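Coordinates as given in upload_28.csv (CSV, C-alpha atoms and all ligand atoms):
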chain,number,residue,atom,x,y,z
A,1,MET,CA,-0.6,-26.1,36.8
A,2,SER,CA,0.3,-29.5,35.5
A,3,SER,CA,-0.4,-32.5,37.8
A,4,ASN,CA,2.7,-34.4,36.4
A,5,ARG,CA,6.0,-34.2,38.2
A,6,ILE,CA,9.3,-35.3,36.6
A,7,ASN,CA,11.8,-36.8,39.0
A,8,PHE,CA,15.3,-36.1,37.5
A,9,LYS,CA,18.2,-38.2,38.8
A,10,GLU,CA,20.7,-35.6,37.7
A,11,ASP,CA,23.9,-37.6,38.5
A,12,PHE,CA,22.6,-40.6,36.4
A,13,CYS,CA,22.2,-38.5,33.2
A,14,LYS,CA,24.8,-38.9,30.5
A,15,SER,CA,23.5,-36.2,28.2
A,16,CYS,CA,22.6,-38.7,25.4
A,17,GLY,CA,19.6,-36.4,24.5
A,18,LEU,CA,17.2,-39.2,23.7
A,19,CYS,CA,14.5,-37.9,26.1
A,20,ILE,CA,14.7,-34.4,24.6
A,21,LYS,CA,14.4,-35.8,21.1
A,22,HIS,CA,11.4,-38.0,22.0
A,23,CYS,CA,9.4,-35.6,24.2
A,24,PRO,CA,6.5,-34.5,21.9
A,25,PHE,CA,5.9,-31.3,23.9
A,26,GLY,CA,9.4,-29.8,24.1
A,27,VAL,CA,9.4,-30.0,27.9
A,28,LEU,CA,13.0,-31.1,28.3
A,29,GLU,CA,16.4,-29.4,27.7
A,30,PHE,CA,20.0,-29.7,28.7
A,31,SER,CA,21.1,-27.7,31.7
A,32,THR,CA,24.0,-25.3,31.3
A,33,SER,CA,25.4,-26.7,34.6
A,34,PHE,CA,27.3,-30.0,34.9
A,35,ASN,CA,26.5,-33.0,37.2
A,36,ALA,CA,29.1,-34.7,39.3
A,37,PHE,CA,30.3,-36.7,36.2
A,38,GLY,CA,30.7,-33.7,33.9
A,39,ASN,CA,27.5,-34.1,31.9
A,40,HIS,CA,25.0,-31.4,31.1
A,41,TYR,CA,22.0,-33.1,32.8
A,42,VAL,CA,18.5,-32.8,31.6
A,43,LYS,CA,16.0,-30.4,33.1
A,44,GLN,CA,12.5,-29.1,32.5
A,45,VAL,CA,12.1,-26.0,30.4
A,46,ASP,CA,10.9,-23.1,32.6
A,47,GLY,CA,7.1,-22.7,32.2
A,48,LYS,CA,6.6,-25.9,30.1
A,49,ASP,CA,4.0,-28.3,31.3
A,50,CYS,CA,4.7,-32.1,31.3
A,51,LYS,CA,1.8,-34.1,29.9
A,52,GLY,CA,2.8,-37.3,31.6
A,53,CYS,CA,3.1,-39.4,28.5
A,54,GLY,CA,6.2,-41.2,29.8
A,55,ARG,CA,8.2,-41.3,26.5
A,56,CYS,CA,11.2,-39.8,28.2
A,57,TYR,CA,11.2,-42.5,30.9
A,58,ILE,CA,10.8,-45.2,28.2
A,59,VAL,CA,13.8,-44.1,26.1
A,60,CYS,CA,16.2,-43.2,28.9
A,61,PRO,CA,18.9,-45.9,29.0
A,62,ASP,CA,20.2,-44.5,32.3
A,63,CYS,CA,17.2,-44.5,34.6
A,64,ALA,CA,17.6,-40.8,35.0
A,65,ILE,CA,13.9,-39.8,34.7
A,66,GLU,CA,10.8,-40.9,36.4
A,67,VAL,CA,7.4,-39.3,35.7
A,68,LEU,CA,4.8,-39.1,38.5
A,69,HIS,CA,1.1,-38.3,38.2
A,70,ASP,CA,0.3,-36.5,41.4
O,1,MET,CA,3.2,-43.5,36.7
O,2,PHE,CA,6.6,-44.2,35.2
O,3,VAL,CA,8.6,-45.3,38.2
O,4,LEU,CA,11.8,-47.4,38.1
O,5,PRO,CA,11.2,-51.1,39.0
O,6,LYS,CA,12.3,-52.6,42.3
O,7,SER,CA,14.2,-55.4,40.5
O,8,LEU,CA,16.7,-52.8,39.3
O,9,LYS,CA,19.3,-51.6,41.7
O,10,PRO,CA,19.3,-47.8,42.1
O,11,VAL,CA,22.8,-47.4,40.7
O,12,LYS,CA,24.4,-45.6,37.8
O,13,ASN,CA,25.2,-48.0,34.9
O,14,HIS,CA,28.6,-48.2,33.1
O,15,TYR,CA,27.2,-48.2,29.5
O,16,CYS,CA,28.0,-45.5,27.0
O,17,PRO,CA,25.5,-42.7,26.5
O,18,GLY,CA,22.6,-43.8,24.4
O,19,CYS,CA,23.4,-47.6,24.7
O,20,GLY,CA,20.5,-49.9,24.3
O,21,HIS,CA,21.6,-52.2,27.1
O,22,GLY,CA,20.4,-49.8,29.7
O,23,ILE,CA,16.9,-49.8,28.2
O,24,VAL,CA,16.7,-53.6,28.0
O,25,HIS,CA,18.0,-54.0,31.5
O,26,ARG,CA,15.2,-51.8,32.8
O,27,LEU,CA,12.5,-53.7,30.7
O,28,PHE,CA,13.7,-57.0,32.1
O,29,ALA,CA,13.4,-55.7,35.7
O,30,GLU,CA,10.0,-54.2,35.0
O,31,ILE,CA,8.7,-57.6,33.7
O,32,VAL,CA,10.2,-59.4,36.8
O,33,ASP,CA,8.3,-57.0,39.0
O,34,GLU,CA,5.1,-57.3,37.1
O,35,LEU,CA,5.1,-61.1,37.1
O,36,GLY,CA,6.1,-61.2,40.8
O,37,ILE,CA,9.0,-63.7,40.0
O,38,ARG,CA,11.9,-61.9,41.7
O,39,GLU,CA,12.5,-64.7,44.1
O,40,LYS,CA,12.4,-67.3,41.4
O,41,MET,CA,14.6,-65.6,38.9
O,42,ILE,CA,18.0,-66.8,37.8
O,43,ALA,CA,19.5,-64.7,35.1
O,44,ILE,CA,22.7,-65.5,33.2
O,45,ALA,CA,24.8,-62.6,32.1
O,46,PRO,CA,27.0,-62.9,28.9
O,47,VAL,CA,30.6,-61.9,28.2
O,48,GLY,CA,30.2,-58.6,26.4
O,49,CYS,CA,29.2,-55.2,27.6
O,50,ALA,CA,26.4,-56.7,29.7
O,51,VAL,CA,28.9,-58.8,31.7
O,52,PHE,CA,28.0,-56.7,34.8
O,53,GLY,CA,24.3,-57.5,34.6
O,54,TYR,CA,24.5,-58.6,38.3
O,55,PHE,CA,25.5,-55.0,39.3
O,56,TYR,CA,22.1,-53.9,38.1
O,57,TRP,CA,19.5,-56.6,38.4
O,58,ASP,CA,18.3,-57.1,41.9
O,59,PHE,CA,17.7,-60.8,41.5
O,60,ASP,CA,19.9,-63.9,41.3
O,61,THR,CA,22.3,-63.5,38.4
O,62,LEU,CA,25.4,-65.5,37.4
O,63,GLU,CA,28.0,-65.2,34.8
O,64,ALA,CA,28.8,-67.8,32.1
O,65,ALA,CA,31.9,-68.2,29.9
O,66,HIS,CA,31.6,-66.5,26.6
O,67,GLY,CA,28.7,-67.9,24.6
O,68,ARG,CA,27.8,-70.5,27.1
O,69,PRO,CA,24.7,-69.1,28.8
O,70,PRO,CA,22.2,-71.5,27.1
O,71,ALA,CA,24.3,-74.5,28.3
O,72,VAL,CA,24.4,-73.1,31.8
O,73,ALA,CA,20.7,-72.3,31.7
O,74,THR,CA,19.9,-75.9,30.5
O,75,ALA,CA,21.6,-77.3,33.6
O,76,ILE,CA,20.0,-74.9,36.1
O,77,LYS,CA,16.5,-75.3,34.6
O,78,ARG,CA,16.7,-79.1,34.6
O,79,LEU,CA,17.9,-79.2,38.2
O,80,MET,CA,15.6,-76.5,39.4
O,81,PRO,CA,12.5,-76.5,37.2
O,82,GLU,CA,10.7,-74.2,39.6
O,83,LYS,CA,13.1,-71.3,38.8
O,84,VAL,CA,12.7,-68.9,35.9
O,85,VAL,CA,15.9,-69.1,34.0
O,86,VAL,CA,16.8,-66.3,31.5
O,87,THR,CA,19.9,-65.7,29.5
O,88,TYR,CA,20.9,-62.2,28.3
O,89,GLN,CA,23.3,-62.3,25.4
O,90,GLY,CA,24.9,-60.0,22.8
O,91,ASP,CA,25.4,-61.1,19.2
O,92,GLY,CA,29.0,-62.0,19.6
O,93,ASP,CA,28.1,-64.1,22.6
O,94,LEU,CA,25.1,-65.7,21.1
O,95,ILE,CA,25.8,-66.4,17.5
O,96,ALA,CA,29.6,-66.1,17.1
O,97,ILE,CA,31.4,-68.1,19.9
O,98,GLY,CA,28.1,-69.3,21.3
O,99,GLY,CA,26.3,-70.3,18.2
O,100,ASN,CA,26.6,-74.0,19.0
O,101,GLU,CA,25.2,-73.7,22.5
O,102,CYS,CA,22.2,-71.6,21.4
O,103,LEU,CA,21.4,-73.9,18.4
O,104,HIS,CA,21.5,-77.1,20.5
O,105,ALA,CA,19.5,-75.7,23.4
O,106,ALA,CA,16.9,-74.7,20.9
O,107,ASN,CA,17.0,-78.1,19.3
O,108,ARG,CA,16.4,-79.8,22.6
O,109,GLY,CA,13.5,-77.5,23.2
O,110,GLU,CA,14.9,-76.5,26.6
O,111,ASN,CA,12.3,-74.6,28.7
O,112,ILE,CA,14.4,-71.5,29.0
O,113,THR,CA,14.1,-67.9,27.8
O,114,ILE,CA,16.8,-66.0,25.8
O,115,PHE,CA,17.1,-62.3,25.4
O,116,PHE,CA,19.4,-61.6,22.5
O,117,LEU,CA,20.6,-58.1,22.0
O,118,ASN,CA,21.8,-57.5,18.4
O,119,ASN,CA,23.9,-54.4,18.0
O,120,THR,CA,25.6,-55.7,14.8
O,121,CYS,CA,29.1,-55.7,16.4
O,122,TYR,CA,31.3,-56.7,19.4
O,123,GLY,CA,30.8,-53.6,21.5
O,124,MET,CA,32.9,-54.5,24.5
O,125,THR,CA,36.1,-55.3,22.7
O,126,GLY,CA,36.1,-52.2,20.5
O,127,GLY,CA,33.5,-52.6,17.8
O,128,GLN,CA,34.8,-55.6,15.7
O,129,MET,CA,32.7,-57.3,13.1
O,130,ALA,CA,30.1,-59.8,14.4
O,131,PRO,CA,28.2,-62.5,12.4
O,132,THR,CA,25.4,-59.9,12.4
O,133,THR,CA,27.3,-57.0,10.9
O,134,ILE,CA,25.4,-55.4,8.0
O,135,PRO,CA,27.0,-55.8,4.5
O,136,GLY,CA,29.1,-52.7,3.9
O,137,GLN,CA,29.2,-51.7,7.6
O,138,LYS,CA,32.5,-50.4,8.7
O,139,THR,CA,33.9,-51.9,11.9
O,140,THR,CA,37.4,-52.1,13.3
O,141,THR,CA,38.0,-55.4,11.5
O,142,THR,CA,36.1,-54.4,8.3
O,143,ALA,CA,37.7,-51.0,7.8
O,144,GLN,CA,36.4,-50.8,4.2
O,145,GLY,CA,33.0,-52.2,5.1
O,146,ARG,CA,31.8,-55.9,5.4
O,147,THR,CA,32.2,-57.7,2.1
O,148,SER,CA,31.0,-61.1,0.9
O,149,LEU,CA,34.4,-62.5,1.9
O,150,ASP,CA,33.3,-61.9,5.5
O,151,GLY,CA,30.1,-63.9,5.0
O,152,ASN,CA,26.5,-62.5,5.2
O,153,PRO,CA,24.6,-61.5,8.4
O,154,ILE,CA,23.3,-64.6,10.3
O,155,LYS,CA,19.6,-64.2,10.8
O,156,VAL,CA,19.1,-65.7,14.2
O,157,CYS,CA,15.2,-65.6,14.3
O,158,GLU,CA,14.9,-67.1,10.8
O,159,LEU,CA,17.4,-69.9,11.8
O,160,ILE,CA,16.1,-70.7,15.2
O,161,SER,CA,12.4,-70.6,14.2
O,162,SER,CA,13.1,-73.4,11.7
O,163,ILE,CA,13.7,-75.8,14.6
O,164,ASP,CA,10.8,-78.0,15.4
O,165,TYR,CA,11.1,-77.9,19.2
O,166,VAL,CA,11.2,-74.1,19.4
O,167,THR,CA,8.2,-72.4,20.9
O,168,TYR,CA,8.5,-68.7,20.4
O,169,VAL,CA,10.8,-66.4,18.4
O,170,ALA,CA,10.4,-62.7,17.8
O,171,ARG,CA,12.5,-59.8,16.6
O,172,THR,CA,11.9,-56.3,18.0
O,173,SER,CA,13.8,-53.1,18.1
O,174,LEU,CA,14.6,-50.1,20.4
O,175,HIS,CA,14.4,-47.3,17.8
O,176,SER,CA,11.3,-45.6,19.3
O,177,PRO,CA,9.2,-45.6,22.4
O,178,GLU,CA,6.6,-47.6,20.6
O,179,ASN,CA,9.1,-50.2,19.6
O,180,ILE,CA,10.5,-50.3,23.1
O,181,LEU,CA,7.1,-51.1,24.4
O,182,GLU,CA,6.7,-53.8,21.8
O,183,THR,CA,10.0,-55.3,22.9
O,184,LYS,CA,8.7,-55.4,26.4
O,185,ARG,CA,5.6,-57.3,25.4
O,186,ALA,CA,7.7,-59.9,23.5
O,187,MET,CA,10.1,-60.3,26.4
O,188,LYS,CA,7.2,-60.7,28.8
O,189,LYS,CA,5.6,-63.4,26.6
O,190,ALA,CA,8.9,-65.2,26.4
O,191,ILE,CA,9.1,-65.4,30.2
O,192,GLN,CA,5.4,-66.3,30.6
O,193,ASN,CA,6.0,-69.2,28.1
O,194,GLN,CA,8.6,-70.6,30.4
O,195,ILE,CA,6.4,-70.2,33.5
O,196,ASP,CA,3.6,-72.1,31.5
O,197,ASN,CA,6.1,-74.9,30.6
O,198,LYS,CA,5.8,-74.2,26.9
O,199,GLY,CA,9.5,-74.5,26.1
O,200,PHE,CA,12.2,-72.5,24.3
O,201,SER,CA,11.6,-68.8,23.6
O,202,LEU,CA,14.0,-66.3,22.1
O,203,VAL,CA,13.6,-62.5,21.6
O,204,GLU,CA,16.1,-60.8,19.4
O,205,ILE,CA,16.3,-57.0,20.1
O,206,LEU,CA,17.9,-54.6,17.6
O,207,SER,CA,19.9,-52.2,19.8
O,208,MET,CA,22.0,-49.1,19.5
O,209,CYS,CA,25.8,-49.2,19.9
O,210,PRO,CA,26.4,-45.5,19.3
O,211,THR,CA,30.1,-45.8,20.3
O,212,SER,CA,31.1,-48.5,17.8
O,213,TRP,CA,28.8,-47.0,15.1
O,214,LYS,CA,30.4,-43.6,15.7
O,215,MET,CA,27.0,-42.0,15.8
O,216,GLU,CA,25.1,-39.6,18.1
O,217,PRO,CA,22.5,-41.7,20.1
O,218,TYR,CA,19.5,-40.4,18.3
O,219,ASP,CA,21.2,-41.0,14.9
O,220,ALA,CA,21.9,-44.6,16.1
O,221,MET,CA,18.1,-45.0,16.6
O,222,LYS,CA,17.5,-43.7,13.1
O,223,TYR,CA,20.2,-46.1,11.8
O,224,ILE,CA,18.2,-49.0,13.3
O,225,GLU,CA,15.0,-47.7,11.7
O,226,ASN,CA,16.4,-47.1,8.3
O,227,VAL,CA,19.2,-49.7,7.9
O,228,VAL,CA,19.4,-52.4,10.6
O,229,SER,CA,15.7,-53.2,10.6
O,230,LYS,CA,15.7,-53.5,6.8
O,231,GLU,CA,18.3,-56.2,7.0
O,232,PHE,CA,16.8,-57.8,10.1
O,233,LYS,CA,13.0,-57.8,9.6
O,234,LEU,CA,10.9,-57.2,12.7
O,235,GLY,CA,8.1,-59.6,13.6
O,236,VAL,CA,7.0,-62.8,15.3
O,237,TYR,CA,8.8,-65.7,13.6
O,238,LYS,CA,7.3,-68.5,15.5
O,239,ASP,CA,4.5,-68.8,18.1
O,240,ARG,CA,3.7,-72.4,18.7
O,241,LYS,CA,0.5,-73.0,20.6
U,1,LIG,C1,36.6,-67.1,25.3
U,1,LIG,C2,36.7,-65.7,25.0
U,1,LIG,N1,36.9,-65.3,23.7
U,1,LIG,C3,37.0,-63.9,23.5
U,1,LIG,C4,36.7,-63.0,24.4
U,1,LIG,C5,36.8,-61.5,24.1
U,1,LIG,N2,35.5,-60.9,24.0
U,1,LIG,C6,35.0,-60.3,25.1
U,1,LIG,S1,33.5,-59.6,24.8
U,1,LIG,C7,33.5,-60.2,23.2
U,1,LIG,C8,32.4,-59.9,22.2
U,1,LIG,C9,31.2,-59.2,22.8
U,1,LIG,O1,30.3,-58.8,21.8
U,1,LIG,P1,28.7,-59.0,21.9
U,1,LIG,O2,28.5,-60.4,22.4
U,1,LIG,O3,28.1,-58.7,20.6
U,1,LIG,O4,28.3,-58.0,23.1
U,1,LIG,P2,28.3,-56.4,23.2
U,1,LIG,O5,29.6,-56.1,23.9
U,1,LIG,O6,28.3,-55.9,21.8
U,1,LIG,O7,27.1,-56.1,24.0
U,1,LIG,C10,34.7,-60.9,22.9
U,1,LIG,C11,35.0,-61.5,21.6
U,1,LIG,C12,36.5,-63.5,25.7
U,1,LIG,N3,36.2,-62.6,26.8
U,1,LIG,N4,36.4,-64.8,26.0
U,2,LIG,S1,6.4,-37.4,30.3
U,2,LIG,FE1,6.1,-36.9,28.1
U,2,LIG,S2,5.6,-34.7,28.2
U,2,LIG,FE2,6.5,-35.1,30.2
U,2,LIG,S3,8.7,-34.7,29.8
U,2,LIG,FE3,8.4,-36.9,29.5
U,2,LIG,S4,8.1,-37.0,27.2
U,2,LIG,FE4,7.8,-34.9,27.8
U,3,LIG,S1,17.6,-40.0,28.1
U,3,LIG,FE1,18.3,-40.1,30.2
U,3,LIG,S2,20.6,-40.1,30.1
U,3,LIG,FE2,19.8,-39.4,28.1
U,3,LIG,S3,19.8,-37.2,28.3
U,3,LIG,FE3,17.7,-37.9,28.9
U,3,LIG,S4,17.8,-38.1,31.1
U,3,LIG,FE4,19.9,-37.9,30.4
U,4,LIG,S1,30.3,-50.2,23.4
U,4,LIG,FE1,28.3,-50.2,22.5
U,4,LIG,S2,27.2,-51.9,23.5
U,4,LIG,FE2,29.0,-51.5,24.7
U,4,LIG,S3,28.3,-50.0,26.3
U,4,LIG,FE3,29.1,-48.8,24.6
U,4,LIG,S4,27.3,-48.4,23.3
U,4,LIG,FE4,26.8,-50.1,24.6

Translate this file's structure into structure tokens.
Ligand SMILES: Cc1ncc(C[n+]2csc(CCOP(=O)(O)OP(=O)(O)O)c2C)c(N)n1
Ligand code: SF4
Ligand code: SF4
Ligand code: SF4
Amino acid sequence: MSSNRINFKEDFCKSCGLCIKHCPFGVLEFSTSFNAFGNHYVKQVDGKDCKGCGRCYIVCPDCAIEVLHD
Amino acid sequence: MFVLPKSLKPVKNHYCPGCGHGIVHRLFAEIVDELGIREKMIAIAPVGCAVFGYFYWDFDTLEAAHGRPPAVATAIKRLMPEKVVVTYQGDGDLIAIGGNECLHAANRGENITIFFLNNTCYGMTGGQMAPTTIPGQKTTTTAQGRTSLDGNPIKVCELISSIDYVTYVARTSLHSPENILETKRAMKKAIQNQIDNKGFSLVEILSMCPTSWKMEPYDAMKYIENVVSKEFKLGVYKDRK
């Protein structure tokens, strides 16, 4: 089990996809569901471990991701 | 830990998907937290897409008329030298209508910090040509691409670094996580210079405007890497000791 936890702020996500493109480990994908603003928010791929590198946090223009090391 | 800074209000921003403003807003707030200067901060928002800076930064922020933040910053800093005074400006604000104010604040060596976000167009008003538009770049006012009749891009770092009283000038970019972290280092140094009474610092940040560029956000990052940063070379232009 990974000791890194991703805190998604689903309603802040605008589906720009920058975090998905910059995650080196393919941890992130768009949800098929919509958030309250009609965007396919980002979620963690089932079974993929987050390595805690923080690249998704760094590129996200919308403060929709935090990465916590437990 | 990658946790949002306290100096940023926990609200959703109004920017387009993939816009660089959101990233730079967060970097600014992270730096204010790290330097512990939240109670000393006075930021000045521009006219442009970042006009609502005060909705997002959780420190004192005011709004200046289009292009005038360096003049307003001059007054505030001279009257309240204990405050940390930072302007945040787009390229239309800083080098089109506000070219005069920026140039003369630099020439007076005012002890202020300028964050200058260059997205090669006027984002807020619909993507018109700015002084920084790339030759050949299509905008709503250069439908066939910018030609020599429209002038050549003004290189703010090259221009401002030629002024004797200027302390620090750097150009950075947002096109990758590494470049974003480099941007943060330059911004932090530009604020630290002011705290140390070293004088005028300006950081130019190449930023994505996916909406005006009519590009997907990731393609806009690649456009900076492959085109914009070739026209506007990254680096430290001046670092006066
Ligand atoms: C005195 C005045 N002239 C013109 C305008 C119209 N106007 C609003 S924003 C803007 C340009 C904004 O471009 P930029 O500074 O590059 O910021 P961006 O929106 O791209 O972040 C202009 C010309 C105005 N608000 N006030
Ligand atoms: S912290 Fe790194 S590994 Fe984890 S989701 Fe973000 S980019 Fe991917
Ligand atoms: S970078 Fe942020 S806004 Fe963009 S898709 Fe990822 S979480 Fe959503
Ligand atoms: S128009 Fe451009 S600069 Fe303005 S919010 Fe949209 S992407 Fe950002």

Expected answer as a PyMOL selection string: chain O residues within 10 Å of chain A, all atoms listed in the file: chain O and resi 1-5+8+10-27+174-178+180-181+210+216-219+221

I'd like to know which of O:Thr147, O:Gln89, O:Thr183, O:Thr142 is closest to ligand LIG 1 (chain U), using all atoms listed in the file. O:Gln89

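Rounded to one decimal, CA of Thr61 (chain O) and CA of Val32 (chain O) lie 12.9 Å from each other.
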
How many Å separate CA of Pro153 (chain O) from CA of Gln137 (chain O)? 10.9 Å

Between O:Ala50, O:Val227, O:Met187, O:Ile195, which residue has the minimum interatomic distance to ligand LIG 4 (chain U), considering only C-alpha atoms and all ligand atoms? O:Ala50

Judged by all atoms listed in the file, the minimum distance to ligand LIG 3 (chain U) among A:Phe8, A:Cys50, A:Gln44, A:Ser33 is found for A:Phe8

List as a ChimeraX atom specification the residues having at least one atom at most 10 Å from position (11.7, -74.8, 38.2) as given in the file, counting all atoms listed in the file. /O:40-41,76-85,111,194-195,197

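Pairwise distance (atom O4 of ligand LIG 1 (chain U), CA of Lys198 (chain O)) equals 28.0 Å.
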
Could you list as an mmCIF file with C-alpha atoms, in the frame of the given file every residue that has an atom within 9 Å of (5.5, -29.8, 24.9), using the file's coordinates and counting only C-alpha atoms?
data_model
loop_
_atom_site.group_PDB
_atom_site.id
_atom_site.type_symbol
_atom_site.label_atom_id
_atom_site.label_comp_id
_atom_site.auth_asym_id
_atom_site.auth_seq_id
_atom_site.Cartn_x
_atom_site.Cartn_y
_atom_site.Cartn_z
ATOM 1 C CA CYS A 23 9.400 -35.600 24.200
ATOM 2 C CA PRO A 24 6.500 -34.500 21.900
ATOM 3 C CA PHE A 25 5.900 -31.300 23.900
ATOM 4 C CA GLY A 26 9.400 -29.800 24.100
ATOM 5 C CA VAL A 27 9.400 -30.000 27.900
ATOM 6 C CA LEU A 28 13.000 -31.100 28.300
ATOM 7 C CA LYS A 48 6.600 -25.900 30.100
ATOM 8 C CA ASP A 49 4.000 -28.300 31.300
ATOM 9 C CA CYS A 50 4.700 -32.100 31.300
ATOM 10 C CA LYS A 51 1.800 -34.100 29.900
#

Skip Asn100 (chain O) itself and residues of its chain fewer than 5 positions away, then list as a ChimeraX atom specification all residues within 12 Å of it, counting only C-alpha atoms. /O:66-71,93-95,105-107,160

Taking only C-alpha atoms and all ligand atoms and a cut-off of 9 Å, can you tell me which residues surround ligand LIG 1 (chain U), written as a VMD selection string? chain O and resid 21 46 to 51 65 to 67 89 to 98 117 to 130 132 209 212

Please complete region 32-44 of chain A so it has N, CA, C and O atoms, and hand it over as a tab-separated table (two decimals), in the frame of the given file.
chain	number	residue	atom	x	y	z
A	32	THR	N	22.67	-25.88	31.60
A	32	THR	CA	24.00	-25.30	31.30
A	32	THR	C	25.01	-25.76	32.37
A	32	THR	O	26.21	-25.66	32.18
A	33	SER	N	24.48	-26.26	33.51
A	33	SER	CA	25.40	-26.70	34.60
A	33	SER	C	25.78	-28.19	34.33
A	33	SER	O	25.13	-28.88	33.55
A	34	PHE	N	26.79	-28.62	35.03
A	34	PHE	CA	27.30	-30.00	34.90
A	34	PHE	C	26.81	-30.79	36.17
A	34	PHE	O	26.69	-30.23	37.26
A	35	ASN	N	26.63	-32.11	35.99
A	35	ASN	CA	26.50	-33.00	37.20
A	35	ASN	C	27.86	-33.41	37.65
A	35	ASN	O	28.89	-33.00	37.09
A	36	ALA	N	27.87	-34.30	38.65
A	36	ALA	CA	29.10	-34.70	39.30
A	36	ALA	C	30.05	-35.43	38.29
A	36	ALA	O	31.24	-35.57	38.52
A	37	PHE	N	29.46	-35.92	37.17
A	37	PHE	CA	30.30	-36.70	36.20
A	37	PHE	C	30.61	-35.85	34.96
A	37	PHE	O	31.08	-36.37	33.95
A	38	GLY	N	30.33	-34.57	35.03
A	38	GLY	CA	30.70	-33.70	33.90
A	38	GLY	C	29.73	-33.66	32.78
A	38	GLY	O	30.07	-33.22	31.68
A	39	ASN	N	28.50	-34.16	33.00
A	39	ASN	CA	27.50	-34.10	31.90
A	39	ASN	C	26.50	-32.99	32.15
A	39	ASN	O	26.11	-32.74	33.29
A	40	HIS	N	26.09	-32.38	31.05
A	40	HIS	CA	25.00	-31.40	31.10
A	40	HIS	C	23.70	-32.22	31.32
A	40	HIS	O	23.18	-32.79	30.37
A	41	TYR	N	23.23	-32.30	32.55
A	41	TYR	CA	22.00	-33.10	32.80
A	41	TYR	C	20.80	-32.45	32.25
A	41	TYR	O	20.81	-31.28	31.89
A	42	VAL	N	19.74	-33.26	32.16
A	42	VAL	CA	18.50	-32.80	31.60
A	42	VAL	C	17.62	-32.11	32.62
A	42	VAL	O	17.57	-32.56	33.77
A	43	LYS	N	16.92	-31.07	32.23
A	43	LYS	CA	16.00	-30.40	33.10
A	43	LYS	C	14.74	-29.98	32.39
A	43	LYS	O	14.68	-30.08	31.16
A	44	GLN	N	13.75	-29.52	33.14
A	44	GLN	CA	12.50	-29.10	32.50
A	44	GLN	C	12.62	-27.64	32.08
A	44	GLN	O	13.20	-26.80	32.79
